[in-house]
file structure.cif (mmCIF, C-alpha atoms)
data_start
#
loop_
_atom_site.label_atom_id
_atom_site.label_comp_id
_atom_site.auth_asym_id
_atom_site.auth_seq_id
_atom_site.Cartn_x
_atom_site.Cartn_y
_atom_site.Cartn_z
CA MET A 1 324.84 104.81 166.79
CA ARG A 2 324.51 102.29 169.60
CA ASN A 3 325.98 104.76 172.12
CA GLN A 4 323.55 107.42 170.93
CA SER A 5 320.61 105.05 171.53
CA ILE A 6 321.85 104.25 175.01
CA THR A 7 322.19 107.98 175.75
CA GLN A 8 318.66 108.64 174.51
CA LEU A 9 317.28 105.77 176.63
CA HIS A 10 319.08 107.15 179.70
CA HIS A 11 317.72 110.61 178.92
CA VAL A 12 314.13 109.32 178.77
CA THR A 13 314.62 107.35 181.97
CA VAL A 14 315.92 110.40 183.85
CA LYS A 15 313.04 112.50 182.54
CA SER A 16 310.53 109.89 183.71
CA LYS A 17 312.17 109.67 187.11
CA ILE A 18 312.04 113.44 187.55
CA TYR A 19 308.37 113.56 186.60
CA ARG A 20 307.41 110.65 188.86
CA THR A 21 309.33 112.18 191.77
CA LEU A 22 307.42 115.44 191.36
CA TYR A 23 304.17 113.54 190.99
CA GLU A 24 304.73 111.71 194.27
CA ALA A 25 306.12 114.70 196.19
CA LYS A 26 304.00 115.62 199.22
CA GLY A 27 305.39 119.08 199.90
CA PHE A 28 307.57 121.87 198.56
CA CYS A 29 310.12 120.57 196.07
CA SER A 30 312.97 122.79 194.82
CA ARG A 31 315.32 122.05 191.93
CA GLN A 32 318.14 121.34 194.37
CA THR A 33 316.00 118.87 196.31
CA LEU A 34 314.76 117.25 193.11
CA ALA A 35 318.32 116.76 191.84
CA GLU A 36 319.35 115.15 195.13
CA VAL A 37 316.36 112.81 195.26
CA CYS A 38 316.75 111.76 191.62
CA GLY A 39 320.53 111.45 191.90
CA VAL A 40 321.28 113.66 188.88
CA SER A 41 323.45 116.71 188.29
CA LEU A 42 321.88 120.15 188.12
CA PRO A 43 322.65 120.57 184.37
CA THR A 44 320.94 117.25 183.65
CA LEU A 45 318.00 118.22 185.82
CA TYR A 46 317.62 121.63 184.11
CA ARG A 47 317.69 120.05 180.65
CA ASN A 48 314.95 117.59 181.50
CA LEU A 49 312.87 120.17 183.36
CA ASP A 50 312.99 122.46 180.34
CA GLU A 51 311.50 119.66 178.24
CA LEU A 52 308.80 118.88 180.78
CA MET A 53 307.86 122.56 181.00
CA GLU A 54 307.78 122.95 177.22
CA GLU A 55 305.39 120.01 177.11
CA GLY A 56 303.18 121.73 179.69
CA LEU A 57 303.63 118.95 182.25
CA VAL A 58 305.58 120.80 184.97
CA ARG A 59 305.45 124.38 186.28
CA PHE A 60 306.90 126.55 189.02
CA SER A 61 304.74 126.58 192.13
CA GLY A 62 305.77 129.39 194.44
CA GLU A 63 308.79 130.13 196.57
CA GLU A 64 310.22 128.58 199.71
CA GLN A 65 310.14 130.50 202.98
CA SER A 66 313.57 132.00 203.58
CA THR A 67 315.26 134.06 206.30
CA GLY A 68 317.71 135.56 203.84
CA GLY A 69 319.28 135.12 200.45
CA ARG A 70 317.59 134.08 197.24
CA LYS A 71 314.37 132.12 197.67
CA ALA A 72 314.19 128.72 196.01
CA LYS A 73 311.39 128.20 193.50
CA GLY A 74 309.15 125.21 193.93
CA LEU A 75 308.16 122.77 191.19
CA ALA A 76 304.96 120.80 190.64
CA ILE A 77 303.21 118.83 187.95
CA VAL A 78 300.37 120.45 185.99
CA PRO A 79 297.32 118.32 186.96
CA ASP A 80 295.12 119.34 184.04
CA ALA A 81 297.78 118.80 181.40
CA ARG A 82 296.01 115.54 180.61
CA PHE A 83 292.78 113.86 181.67
CA SER A 84 291.21 110.45 181.56
CA VAL A 85 287.58 109.34 181.40
CA GLY A 86 286.03 106.55 183.44
CA VAL A 87 282.66 105.14 182.44
CA SER A 88 280.64 102.90 184.74
CA VAL A 89 277.89 100.79 183.16
CA ASN A 90 275.28 99.05 185.24
CA GLU A 91 271.77 97.78 184.76
CA LYS A 92 269.96 101.12 184.92
CA THR A 93 272.51 103.94 184.80
CA LEU A 94 275.61 105.21 183.09
CA ARG A 95 278.13 107.24 185.09
CA LEU A 96 280.87 109.22 183.39
CA VAL A 97 283.77 110.98 185.13
CA ALA A 98 286.60 113.01 183.68
CA ALA A 99 289.57 113.15 186.04
CA ASP A 100 292.85 115.04 185.89
CA LEU A 101 296.29 113.56 186.54
CA ARG A 102 295.71 113.81 190.30
CA MET A 103 292.51 111.80 189.85
CA GLN A 104 290.51 114.87 190.82
CA GLU A 105 287.07 115.00 189.27
CA ILE A 106 286.66 117.73 186.62
CA ALA A 107 283.34 116.61 185.13
CA TYR A 108 280.60 114.14 186.06
CA ARG A 109 277.38 112.90 184.52
CA LEU A 110 274.77 110.39 185.65
CA LEU A 111 272.05 109.33 183.23
CA PRO A 112 269.50 106.56 182.83
CA PHE A 113 270.78 103.76 180.64
CA ASP A 114 268.81 100.70 179.57
CA VAL A 115 271.39 97.97 179.03
CA TYR A 116 268.84 95.54 177.59
CA ALA A 117 267.59 98.00 175.00
CA CYS A 118 271.17 98.87 174.11
CA LEU A 119 272.11 95.24 173.51
CA GLU A 120 269.07 94.87 171.27
CA GLY A 121 270.22 97.84 169.20
CA ARG A 122 267.36 100.15 170.21
CA ALA A 123 269.23 102.68 172.34
CA PRO A 124 272.32 104.92 172.15
CA LYS A 125 275.53 103.06 172.84
CA VAL A 126 278.19 104.16 175.30
CA ALA A 127 280.21 105.74 172.49
CA ALA A 128 277.43 108.19 171.67
CA GLU A 129 276.92 109.19 175.31
CA LEU A 130 280.68 109.63 175.70
CA GLU A 131 280.90 112.06 172.78
CA ASP A 132 278.00 114.10 174.15
CA PHE A 133 279.69 114.18 177.58
CA LEU A 134 282.97 115.47 176.10
CA ASN A 135 281.15 118.08 174.05
CA SER A 136 278.93 119.28 176.89
CA TYR A 137 281.87 119.96 179.21
CA HIS A 138 284.10 121.34 176.43
CA LEU A 139 286.80 118.78 177.21
CA ASP A 140 289.85 119.04 174.96
CA ARG A 141 290.20 115.69 173.20
CA THR A 142 293.88 116.38 172.43
CA ARG A 143 294.50 116.03 176.18
CA LEU A 144 292.43 112.86 176.57
CA LEU A 145 294.62 109.93 177.57
CA GLY A 146 291.96 107.26 177.13
CA VAL A 147 288.64 105.84 178.26
CA CYS A 148 288.16 102.97 180.69
CA VAL A 149 284.71 101.37 180.77
CA THR A 150 283.73 99.23 183.74
CA ILE A 151 281.12 96.48 183.68
CA PRO A 152 279.77 94.41 186.60
CA GLY A 153 280.92 91.14 185.14
CA LEU A 154 283.80 89.07 183.85
CA VAL A 155 285.37 90.60 180.77
CA SER A 156 287.62 89.04 178.15
CA GLU A 157 289.39 91.90 176.39
CA GLU A 158 291.31 89.46 174.21
CA GLU A 159 288.04 88.10 172.82
CA SER A 160 286.26 91.49 173.05
CA ARG A 161 283.41 89.91 174.98
CA VAL A 162 281.63 90.04 178.31
CA TYR A 163 281.15 86.40 179.14
CA PHE A 164 279.46 86.59 182.55
CA ALA A 165 277.46 89.55 183.89
CA PRO A 166 274.64 88.30 186.14
CA ALA A 167 274.08 91.79 187.58
CA LEU A 168 273.13 92.91 184.07
CA GLY A 169 271.01 89.85 183.45
CA ALA A 170 273.14 89.04 180.42
CA GLN A 171 276.13 86.97 179.45
CA ASP A 172 278.41 86.19 176.55
CA PHE A 173 277.85 89.25 174.38
CA PRO A 174 280.31 91.25 172.23
CA LEU A 175 281.62 94.45 173.76
CA ARG A 176 280.87 96.30 170.54
CA ASP A 177 277.14 95.64 171.04
CA LEU A 178 277.32 97.70 174.22
CA LEU A 179 280.12 100.18 173.59
CA GLY A 180 279.77 101.00 169.91
CA GLU A 181 282.86 102.51 168.29
CA ILE A 182 284.98 104.50 170.76
CA PRO A 183 287.79 106.26 168.84
CA TYR A 184 290.14 106.71 171.80
CA PRO A 185 292.53 104.40 173.64
CA LEU A 186 290.15 102.01 175.37
CA LYS A 187 290.27 99.69 178.36
CA VAL A 188 287.41 97.54 179.67
CA ASP A 189 287.53 96.29 183.25
CA ASN A 190 285.44 94.78 186.00
CA ASP A 191 283.81 97.59 188.00
CA ALA A 192 284.86 96.38 191.46
CA SER A 193 288.46 95.85 190.36
CA ALA A 194 288.66 99.40 189.00
CA SER A 195 287.17 100.79 192.23
CA GLY A 196 289.63 98.88 194.39
CA HIS A 197 292.64 100.01 192.40
CA GLY A 198 291.41 103.61 192.58
CA GLU A 199 291.03 103.36 196.34
CA PHE A 200 294.52 101.91 196.73
CA PHE A 201 295.96 104.74 194.63
CA ALA A 202 294.13 107.39 196.68
CA ARG A 203 295.44 105.94 199.96
CA ARG A 204 299.08 106.24 198.81
CA SER A 205 299.96 103.18 200.85
CA ARG A 206 301.89 100.04 199.98
CA GLU A 207 300.02 97.87 202.46
CA SER A 208 297.94 94.97 201.21
CA MET A 209 294.23 95.59 200.97
CA ALA A 210 291.02 93.76 200.11
CA TYR A 211 288.34 96.00 198.67
CA LEU A 212 284.69 94.99 199.04
CA SER A 213 282.51 96.82 196.51
CA LEU A 214 278.86 97.24 197.48
CA GLU A 215 276.66 98.48 194.65
CA ASN A 216 273.80 96.91 192.68
CA GLY A 217 276.15 93.97 192.54
CA VAL A 218 278.83 92.95 195.04
CA GLY A 219 282.44 92.36 194.04
CA GLY A 220 285.91 93.37 195.02
CA ALA A 221 289.61 93.57 194.37
CA VAL A 222 292.76 92.31 196.04
CA ILE A 223 295.99 94.32 196.15
CA LEU A 224 298.95 92.51 197.69
CA GLY A 225 302.05 94.55 198.49
CA GLY A 226 300.94 97.24 196.07
CA ILE A 227 300.34 94.80 193.20
CA PRO A 228 296.84 93.88 192.00
CA TYR A 229 296.24 90.16 192.35
CA THR A 230 293.81 88.97 189.68
CA GLY A 231 294.12 85.22 190.09
CA LYS A 232 294.59 82.40 187.58
CA HIS A 233 291.31 83.08 185.76
CA SER A 234 290.93 86.82 186.55
CA ARG A 235 288.31 86.01 189.18
CA SER A 236 290.14 87.15 192.31
CA GLY A 237 287.98 89.44 194.45
CA GLU A 238 284.63 87.93 193.46
CA PHE A 239 283.55 88.42 197.07
CA GLY A 240 279.89 88.69 196.12
CA HIS A 241 279.88 84.92 195.61
CA ILE A 242 281.24 83.96 199.03
CA CYS A 243 278.60 81.70 200.54
CA VAL A 244 277.31 83.41 203.70
CA GLU A 245 274.08 81.41 204.17
CA PRO A 246 274.02 77.85 202.77
CA GLY A 247 270.67 77.31 201.04
CA GLY A 248 269.81 81.00 201.49
CA LEU A 249 268.67 83.72 199.10
CA ARG A 250 269.11 83.10 195.39
CA CYS A 251 271.93 85.02 193.75
CA PRO A 252 271.82 86.35 190.16
CA CYS A 253 274.55 83.78 189.44
CA GLY A 254 271.96 81.05 190.12
CA LYS A 255 273.43 79.73 193.36
CA LEU A 256 271.91 79.99 196.84
CA GLY A 257 273.35 81.89 199.79
CA CYS A 258 275.92 84.16 198.10
CA LEU A 259 276.76 87.49 199.73
CA GLU A 260 275.38 89.53 196.81
CA PRO A 261 271.63 88.99 197.35
CA TYR A 262 272.09 89.91 201.03
CA CYS A 263 274.17 93.07 200.65
CA SER A 264 273.49 94.59 197.25
CA GLN A 265 271.77 97.94 196.87
CA LYS A 266 269.01 96.18 194.96
CA ARG A 267 267.92 94.29 198.06
CA PHE A 268 267.31 97.46 200.06
CA GLU A 269 265.41 99.12 197.23
CA ARG A 270 263.28 96.19 196.08
CA SER A 271 262.29 94.81 199.48
CA PHE A 272 260.10 97.84 200.19
CA GLY A 273 259.82 99.43 196.75
CA VAL A 274 261.66 102.57 197.82
CA SER A 275 264.81 104.44 196.82
CA ILE A 276 268.05 103.74 198.65
CA GLU A 277 267.81 107.20 200.25
CA ASP A 278 264.31 106.49 201.54
CA PHE A 279 265.33 103.10 202.87
CA PHE A 280 268.14 104.50 205.00
CA ARG A 281 265.96 107.38 206.08
CA GLY A 282 263.47 104.80 207.36
CA ALA A 283 266.26 102.88 209.12
CA ALA A 284 267.48 106.09 210.77
CA GLU A 285 263.92 106.66 212.00
CA HIS A 286 264.07 103.17 213.57
CA ARG A 287 261.27 101.69 211.51
CA PRO A 288 261.43 98.02 212.66
CA GLU A 289 261.03 96.36 209.25
CA TYR A 290 263.79 98.55 207.78
CA GLU A 291 266.15 97.96 210.69
CA ASP A 292 265.54 94.20 210.63
CA LEU A 293 266.57 93.97 206.98
CA LEU A 294 269.55 96.29 207.44
CA TYR A 295 271.03 94.41 210.39
CA ASP A 296 270.42 91.08 208.67
CA ALA A 297 272.51 92.40 205.77
CA LEU A 298 275.25 93.62 208.12
CA ARG A 299 275.47 90.24 209.87
CA HIS A 300 275.89 88.44 206.56
CA MET A 301 278.42 91.05 205.45
CA ALA A 302 280.43 90.32 208.61
CA VAL A 303 280.59 86.63 207.66
CA ALA A 304 282.17 87.55 204.32
CA ILE A 305 284.53 90.09 205.90
CA ASN A 306 285.81 87.46 208.31
CA SER A 307 286.35 85.00 205.46
CA ILE A 308 288.40 87.62 203.62
CA ARG A 309 290.36 88.53 206.74
CA MET A 310 291.11 84.92 207.63
CA THR A 311 292.30 84.20 204.09
CA LEU A 312 294.35 87.31 203.34
CA ASP A 313 295.10 88.82 206.80
CA CYS A 314 294.87 92.40 205.51
CA ASP A 315 292.62 95.42 205.88
CA VAL A 316 289.15 95.08 204.38
CA VAL A 317 287.90 98.33 202.83
CA LEU A 318 284.19 98.84 202.15
CA GLY A 319 283.37 100.95 199.11
CA GLY A 320 280.83 101.47 196.36
CA SER A 321 277.62 103.50 196.24
CA LEU A 322 275.97 101.55 199.09
CA SER A 323 278.89 102.19 201.43
CA GLU A 324 278.06 105.92 201.40
CA TYR A 325 274.99 105.09 203.52
CA LEU A 326 276.66 102.59 205.85
CA LEU A 327 279.17 104.83 207.65
CA PRO A 328 276.92 105.35 210.74
CA TYR A 329 276.75 101.56 211.08
CA LEU A 330 280.51 100.94 211.18
CA PRO A 331 280.44 100.13 214.95
CA ALA A 332 277.74 97.50 214.34
CA ILE A 333 279.66 95.99 211.43
CA ARG A 334 282.83 95.75 213.51
CA ARG A 335 280.88 94.25 216.41
CA TYR A 336 279.45 91.52 214.17
CA VAL A 337 282.89 90.87 212.69
CA LEU A 338 284.49 90.49 216.13
CA ALA A 339 281.77 88.04 217.17
CA GLY A 340 283.06 85.65 214.50
CA ASN A 341 286.78 86.36 214.81
CA PRO A 342 288.71 84.25 217.36
CA PHE A 343 292.04 86.07 216.99
CA GLU A 344 291.51 89.79 217.42
CA GLU A 345 290.29 92.17 220.09
CA ASN A 346 289.20 94.95 217.75
CA ALA A 347 288.09 95.19 214.15
CA ASP A 348 289.89 98.35 213.09
CA PHE A 349 290.93 96.47 209.97
CA VAL A 350 287.39 97.05 208.68
CA GLN A 351 287.47 100.49 207.08
CA PHE A 352 285.49 102.63 204.69
CA SER A 353 286.74 103.93 201.38
CA ILE A 354 288.29 107.39 201.45
CA LEU A 355 286.85 107.99 197.98
CA ARG A 356 283.32 108.79 198.99
CA HIS A 357 281.68 109.59 195.66
CA HIS A 358 281.75 108.20 192.12
CA ILE A 359 284.48 105.76 193.05
CA THR A 360 283.85 103.29 190.22
CA PRO A 361 284.25 105.69 187.28
CA LEU A 362 287.01 107.53 189.16
CA GLY A 363 288.83 104.26 189.72
CA ALA A 364 288.40 103.47 186.03
CA SER A 365 290.03 106.77 185.06
CA LEU A 366 293.14 105.72 186.99
CA TYR A 367 294.16 103.13 184.38
CA PHE A 368 295.33 105.67 181.80
CA ILE A 369 296.57 108.17 184.40
CA ARG A 370 298.87 105.60 185.98
CA ASP A 371 300.10 104.48 182.55
CA PHE A 372 300.90 108.08 181.55
CA VAL A 373 302.76 108.87 184.77
CA GLU A 374 304.89 105.75 184.40
CA ARG A 375 305.94 106.41 180.80
CA VAL A 376 306.47 110.21 180.61
#

call {"tool": "encode", "arguments": {"input": "structure.cif", "output": "structure tokens"}}
result
Amino acid sequence: MRNQSITQLHHVTVKSKIYRTLYEAKGFCSRQTLAEVCGVSLPTLYRNLDELMEEGLVRFSGEEQSTGGRKAKGLAIVPDARFSVGVSVNEKTLRLVAADLRMQEIAYRLLPFDVYACLEGRAPKVAAELEDFLNSYHLDRTRLLGVCVTIPGLVSEEESRVYFAPALGAQDFPLRDLLGEIPYPLKVDNDASASGHGEFFARRSRESMAYLSLENGVGGAVILGGIPYTGKHSRSGEFGHICVEPGGLRCPCGKLGCLEPYCSQKRFERSFGVSIEDFFRGAAEHRPEYEDLLYDALRHMAVAINSIRMTLDCDVVLGGSLSEYLLPYLPAIRRYVLAGNPFEENADFVQFSILRHHITPLGASLYFIRDFVERV
């Protein structure tokens, strides 16, 4: 009996290794190549591949170019065999993304969402909007791996509470008051952390990275050697509360001079009572009052970027909804960063996210995708 258990464990391990190898493959992968990379015999490989194909997880994917003889068939995972849903909650909107196993977006919805009304029990909860989203896009719930909800605040999943969410103007409230009853595997995470992990996954790199999330709130994530670093109290990456101007603008956290009130999307919208699109249109037209505010924000952002760089000595990646408008200003950002950096001659370490759109809910969807790939 013991030997049988060991054999079964080995069998599962080989199957997982084969699937992960195919998942990570960047080009054509034949059965012969797969057997060599995984270090298994062809009979063992065939047995495991048959199972993966029966489960709808792997398929043939064309033939290799050949100058003669029998052409080898390629193998690939089936991306839409499963999907995950990421839900991003902020003060005014709800964003939902369904993503396949390659973290490719297959459905998206943006809708107004009044957090305050929801917490007071006078509005639909996230659970209701989620069900409508799944129904509207005819998404097969039998293929749904799980739902990850992100919140701009500090979350205690063990206590099922959000205990600090200044960007929402609320703190210490039960998750159920916001989420309702979600009948699927559920994960709740900080929005910036989810975005950073999604970005790291998309880059397919093992290099350390600090992710600076610029949305209605400002946060971030730290990935060291491929491993998320959350810190002793799960507060690593709270870059929005780096002090960039002692005694400066008041932050939603109550302190003065944090990065967030200088570089959040709210500042650009509220200062002139315009949409974020109209603000950057005005800046592009060189309207002085718009440019003055923008470059003030970029200078304060550079202070925070240098603090991150000096502490962690890794690339600093700018992401989030606001970053989509900042790409033309990358030279200015790097110039301000270099002005405060005594060690380097260029600031190529300041980069923009390669996930341009919907990065927070997409990053959230990664949680269950990664878990599935690791345990097939």

call {"tool": "closest_residue", "arguments": {"input": "structure.cif", "among": "A:Thr311, A:Ser275, A:Ser323, A:Ser195", "to": "Cys263 (chain A)", "atoms": "only C-alpha atoms"}}
result
A:Ser323

call {"tool": "residues_near_point", "arguments": {"input": "structure.cif", "point": "(307.4, 112.5, 187.3)", "cutoff": "10 Å", "atoms": "all atoms listed in the file", "output": "list of chain:residue names"}}
result
A:Val14, A:Lys15, A:Ser16, A:Lys17, A:Ile18, A:Tyr19, A:Arg20, A:Thr21, A:Leu22, A:Tyr23, A:Glu24, A:Ala25, A:Leu52, A:Leu57, A:Val58, A:Ala76, A:Ile77, A:Phe372, A:Val373, A:Glu374, A:Arg375, A:Val376

call {"tool": "resolve_selection", "arguments": {"input": "structure.cif", "expression": "the PyMOL selection byres ((chain A and resi 290) around 12)", "output": "PDB file with C-alpha atoms, keeping the file's coordinate frame"}}
result
ATOM      1  CA  ARG A 267     267.920  94.290 198.060  1.00  0.00           C
ATOM      2  CA  PHE A 268     267.310  97.460 200.060  1.00  0.00           C
ATOM      3  CA  GLU A 269     265.410  99.120 197.230  1.00  0.00           C
ATOM      4  CA  ARG A 270     263.280  96.190 196.080  1.00  0.00           C
ATOM      5  CA  SER A 271     262.290  94.810 199.480  1.00  0.00           C
ATOM      6  CA  PHE A 272     260.100  97.840 200.190  1.00  0.00           C
ATOM      7  CA  GLY A 273     259.820  99.430 196.750  1.00  0.00           C
ATOM      8  CA  VAL A 274     261.660 102.570 197.820  1.00  0.00           C
ATOM      9  CA  ILE A 276     268.050 103.740 198.650  1.00  0.00           C
ATOM     10  CA  ASP A 278     264.310 106.490 201.540  1.00  0.00           C
ATOM     11  CA  PHE A 279     265.330 103.100 202.870  1.00  0.00           C
ATOM     12  CA  PHE A 280     268.140 104.500 205.000  1.00  0.00           C
ATOM     13  CA  ARG A 281     265.960 107.380 206.080  1.00  0.00           C
ATOM     14  CA  GLY A 282     263.470 104.800 207.360  1.00  0.00           C
ATOM     15  CA  ALA A 283     266.260 102.880 209.120  1.00  0.00           C
ATOM     16  CA  ALA A 284     267.480 106.090 210.770  1.00  0.00           C
ATOM     17  CA  GLU A 285     263.920 106.660 212.000  1.00  0.00           C
ATOM     18  CA  HIS A 286     264.070 103.170 213.570  1.00  0.00           C
ATOM     19  CA  ARG A 287     261.270 101.690 211.510  1.00  0.00           C
ATOM     20  CA  PRO A 288     261.430  98.020 212.660  1.00  0.00           C
ATOM     21  CA  GLU A 289     261.030  96.360 209.250  1.00  0.00           C
ATOM     22  CA  GLU A 291     266.150  97.960 210.690  1.00  0.00           C
ATOM     23  CA  ASP A 292     265.540  94.200 210.630  1.00  0.00           C
ATOM     24  CA  LEU A 293     266.570  93.970 206.980  1.00  0.00           C
ATOM     25  CA  LEU A 294     269.550  96.290 207.440  1.00  0.00           C
ATOM     26  CA  TYR A 295     271.030  94.410 210.390  1.00  0.00           C
ATOM     27  CA  ASP A 296     270.420  91.080 208.670  1.00  0.00           C
ATOM     28  CA  ALA A 297     272.510  92.400 205.770  1.00  0.00           C
TER      29      ALA A 297
END

call {"tool": "residues_around", "arguments": {"input": "structure.cif", "residues": "Arg370 (chain A)", "least_positions_apart": "2", "cutoff": "12 Å", "atoms": "all atoms listed in the file", "output": "PDB file with C-alpha atoms, in the frame of the given file"}}
result
ATOM      1  CA  ARG A  20     307.410 110.650 188.860  1.00  0.00           C
ATOM      2  CA  TYR A  23     304.170 113.540 190.990  1.00  0.00           C
ATOM      3  CA  GLU A  24     304.730 111.710 194.270  1.00  0.00           C
ATOM      4  CA  ARG A  82     296.010 115.540 180.610  1.00  0.00           C
ATOM      5  CA  PHE A  83     292.780 113.860 181.670  1.00  0.00           C
ATOM      6  CA  SER A  84     291.210 110.450 181.560  1.00  0.00           C
ATOM      7  CA  ALA A  99     289.570 113.150 186.040  1.00  0.00           C
ATOM      8  CA  ASP A 100     292.850 115.040 185.890  1.00  0.00           C
ATOM      9  CA  LEU A 101     296.290 113.560 186.540  1.00  0.00           C
ATOM     10  CA  ARG A 102     295.710 113.810 190.300  1.00  0.00           C
ATOM     11  CA  MET A 103     292.510 111.800 189.850  1.00  0.00           C
ATOM     12  CA  LEU A 145     294.620 109.930 177.570  1.00  0.00           C
ATOM     13  CA  GLY A 146     291.960 107.260 177.130  1.00  0.00           C
ATOM     14  CA  HIS A 197     292.640 100.010 192.400  1.00  0.00           C
ATOM     15  CA  GLY A 198     291.410 103.610 192.580  1.00  0.00           C
ATOM     16  CA  PHE A 201     295.960 104.740 194.630  1.00  0.00           C
ATOM     17  CA  ALA A 202     294.130 107.390 196.680  1.00  0.00           C
ATOM     18  CA  GLY A 363     288.830 104.260 189.720  1.00  0.00           C
ATOM     19  CA  ALA A 364     288.400 103.470 186.030  1.00  0.00           C
ATOM     20  CA  SER A 365     290.030 106.770 185.060  1.00  0.00           C
ATOM     21  CA  LEU A 366     293.140 105.720 186.990  1.00  0.00           C
ATOM     22  CA  TYR A 367     294.160 103.130 184.380  1.00  0.00           C
ATOM     23  CA  PHE A 368     295.330 105.670 181.800  1.00  0.00           C
ATOM     24  CA  PHE A 372     300.900 108.080 181.550  1.00  0.00           C
ATOM     25  CA  VAL A 373     302.760 108.870 184.770  1.00  0.00           C
ATOM     26  CA  GLU A 374     304.890 105.750 184.400  1.00  0.00           C
ATOM     27  CA  ARG A 375     305.940 106.410 180.800  1.00  0.00           C
ATOM     28  CA  VAL A 376     306.470 110.210 180.610  1.00  0.00           C
TER      29      VAL A 376
END

call {"tool": "resolve_selection", "arguments": {"input": "structure.cif", "expression": "the PyMOL selection byres ((chain A and resi 89-95) around 9)", "output": "ChimeraX atom specification"}}
result
/A:86-88,96-97,108-116,126,129,149-152,167-169,191,216-217,358,360-361

call {"tool": "closest_residue", "arguments": {"input": "structure.cif", "among": "A:Gly62, A:Gly180, A:Pro166, A:Gly196", "to": "Cys29 (chain A)", "atoms": "all atoms listed in the file"}}
result
A:Gly62

call {"tool": "resolve_selection", "arguments": {"input": "structure.cif", "expression": "the PyMOL selection byres ((chain A and resi 313-316) around 7)", "output": "PyMOL selection string"}}
result
chain A and resi 208-212+305+309-312+317-318+349-351

call {"tool": "atom_distance", "arguments": {"input": "structure.cif", "atom1": "CA of Leu144 (chain A)", "atom2": "CA of Asp189 (chain A)"}}
result
18.5 Å

call {"tool": "residues_near_point", "arguments": {"input": "structure.cif", "point": "(275.8, 86.0, 205.4)", "cutoff": "12 Å", "atoms": "only C-alpha atoms", "output": "PyMOL selection string"}}
result
chain A and resi 239-249+256-263+295-307+336-337+340

call {"tool": "atom_distance", "arguments": {"input": "structure.cif", "atom1": "CA of Val85 (chain A)", "atom2": "CA of Cys148 (chain A)"}}
result
6.4 Å

call {"tool": "atom_distance", "arguments": {"input": "structure.cif", "atom1": "CA of Ala221 (chain A)", "atom2": "CA of Ala192 (chain A)"}}
result
6.2 Å

call {"tool": "residues_around", "arguments": {"input": "structure.cif", "residues": "Ser236 (chain A)", "least_positions_apart": "5", "cutoff": "9 Å", "atoms": "all atoms listed in the file", "output": "list in words"}}
result
Gly220, Ala221, Val222, Tyr229, Thr230 and Gly231 of chain A

call {"tool": "closest_residue", "arguments": {"input": "structure.cif", "among": "A:Gly27, A:Phe133, A:Glu55, A:Arg356", "to": "Ala107 (chain A)", "atoms": "all atoms listed in the file"}}
result
A:Phe133

call {"tool": "axis_aligned_box", "arguments": {"input": "structure.cif", "around": "region 278-295 of chain A", "padding_each_side": "6 Å", "output": "JSON"}}
result
{"center_x": 266.0, "center_y": 100.7, "center_z": 207.6, "size_x": 22.0, "size_y": 25.4, "size_z": 24.0}

call {"tool": "closest_residue", "arguments": {"input": "structure.cif", "among": "A:Gln104, A:Asn190, A:Ser61, A:Ser264", "to": "Pro79 (chain A)", "atoms": "only C-alpha atoms"}}
result
A:Gln104

call {"tool": "closest_residue", "arguments": {"input": "structure.cif", "among": "A:Glu181, A:Glu120, A:Glu207, A:Glu105", "to": "Ile359 (chain A)", "atoms": "all atoms listed in the file"}}
result
A:Glu105

call {"tool": "build_atoms", "arguments": {"input": "structure.cif", "residues": "region 178-186 of chain A", "atoms": "N, CA and C atoms", "output": "mmCIF file, keeping the file's coordinate frame"}}
result
data_model
loop_
_atom_site.group_PDB
_atom_site.id
_atom_site.type_symbol
_atom_site.label_atom_id
_atom_site.label_comp_id
_atom_site.auth_asym_id
_atom_site.auth_seq_id
_atom_site.Cartn_x
_atom_site.Cartn_y
_atom_site.Cartn_z
ATOM 1 N N LEU A 178 277.603 96.779 173.122
ATOM 2 C CA LEU A 178 277.320 97.700 174.220
ATOM 3 C C LEU A 178 278.035 99.037 174.045
ATOM 4 N N LEU A 179 279.284 98.983 173.620
ATOM 5 C CA LEU A 179 280.120 100.180 173.590
ATOM 6 C C LEU A 179 279.987 100.977 172.311
ATOM 7 N N GLY A 180 279.703 100.323 171.195
ATOM 8 C CA GLY A 180 279.770 101.000 169.910
ATOM 9 C C GLY A 180 281.228 101.209 169.530
ATOM 10 N N GLU A 181 281.496 102.220 168.741
ATOM 11 C CA GLU A 181 282.860 102.510 168.290
ATOM 12 C C GLU A 181 283.422 103.692 169.065
ATOM 13 N N ILE A 182 284.337 103.438 169.975
ATOM 14 C CA ILE A 182 284.980 104.500 170.760
ATOM 15 C C ILE A 182 286.354 104.777 170.131
ATOM 16 N N PRO A 183 286.570 105.987 169.613
ATOM 17 C CA PRO A 183 287.790 106.260 168.840
ATOM 18 C C PRO A 183 288.980 106.729 169.657
ATOM 19 N N TYR A 184 289.051 106.319 170.918
ATOM 20 C CA TYR A 184 290.140 106.710 171.800
ATOM 21 C C TYR A 184 290.765 105.461 172.386
ATOM 22 N N PRO A 185 291.985 105.569 172.929
ATOM 23 C CA PRO A 185 292.530 104.400 173.640
ATOM 24 C C PRO A 185 291.504 103.879 174.637
ATOM 25 N N LEU A 186 291.277 102.574 174.618
ATOM 26 C CA LEU A 186 290.150 102.010 175.370
ATOM 27 C C LEU A 186 290.603 100.835 176.227
#
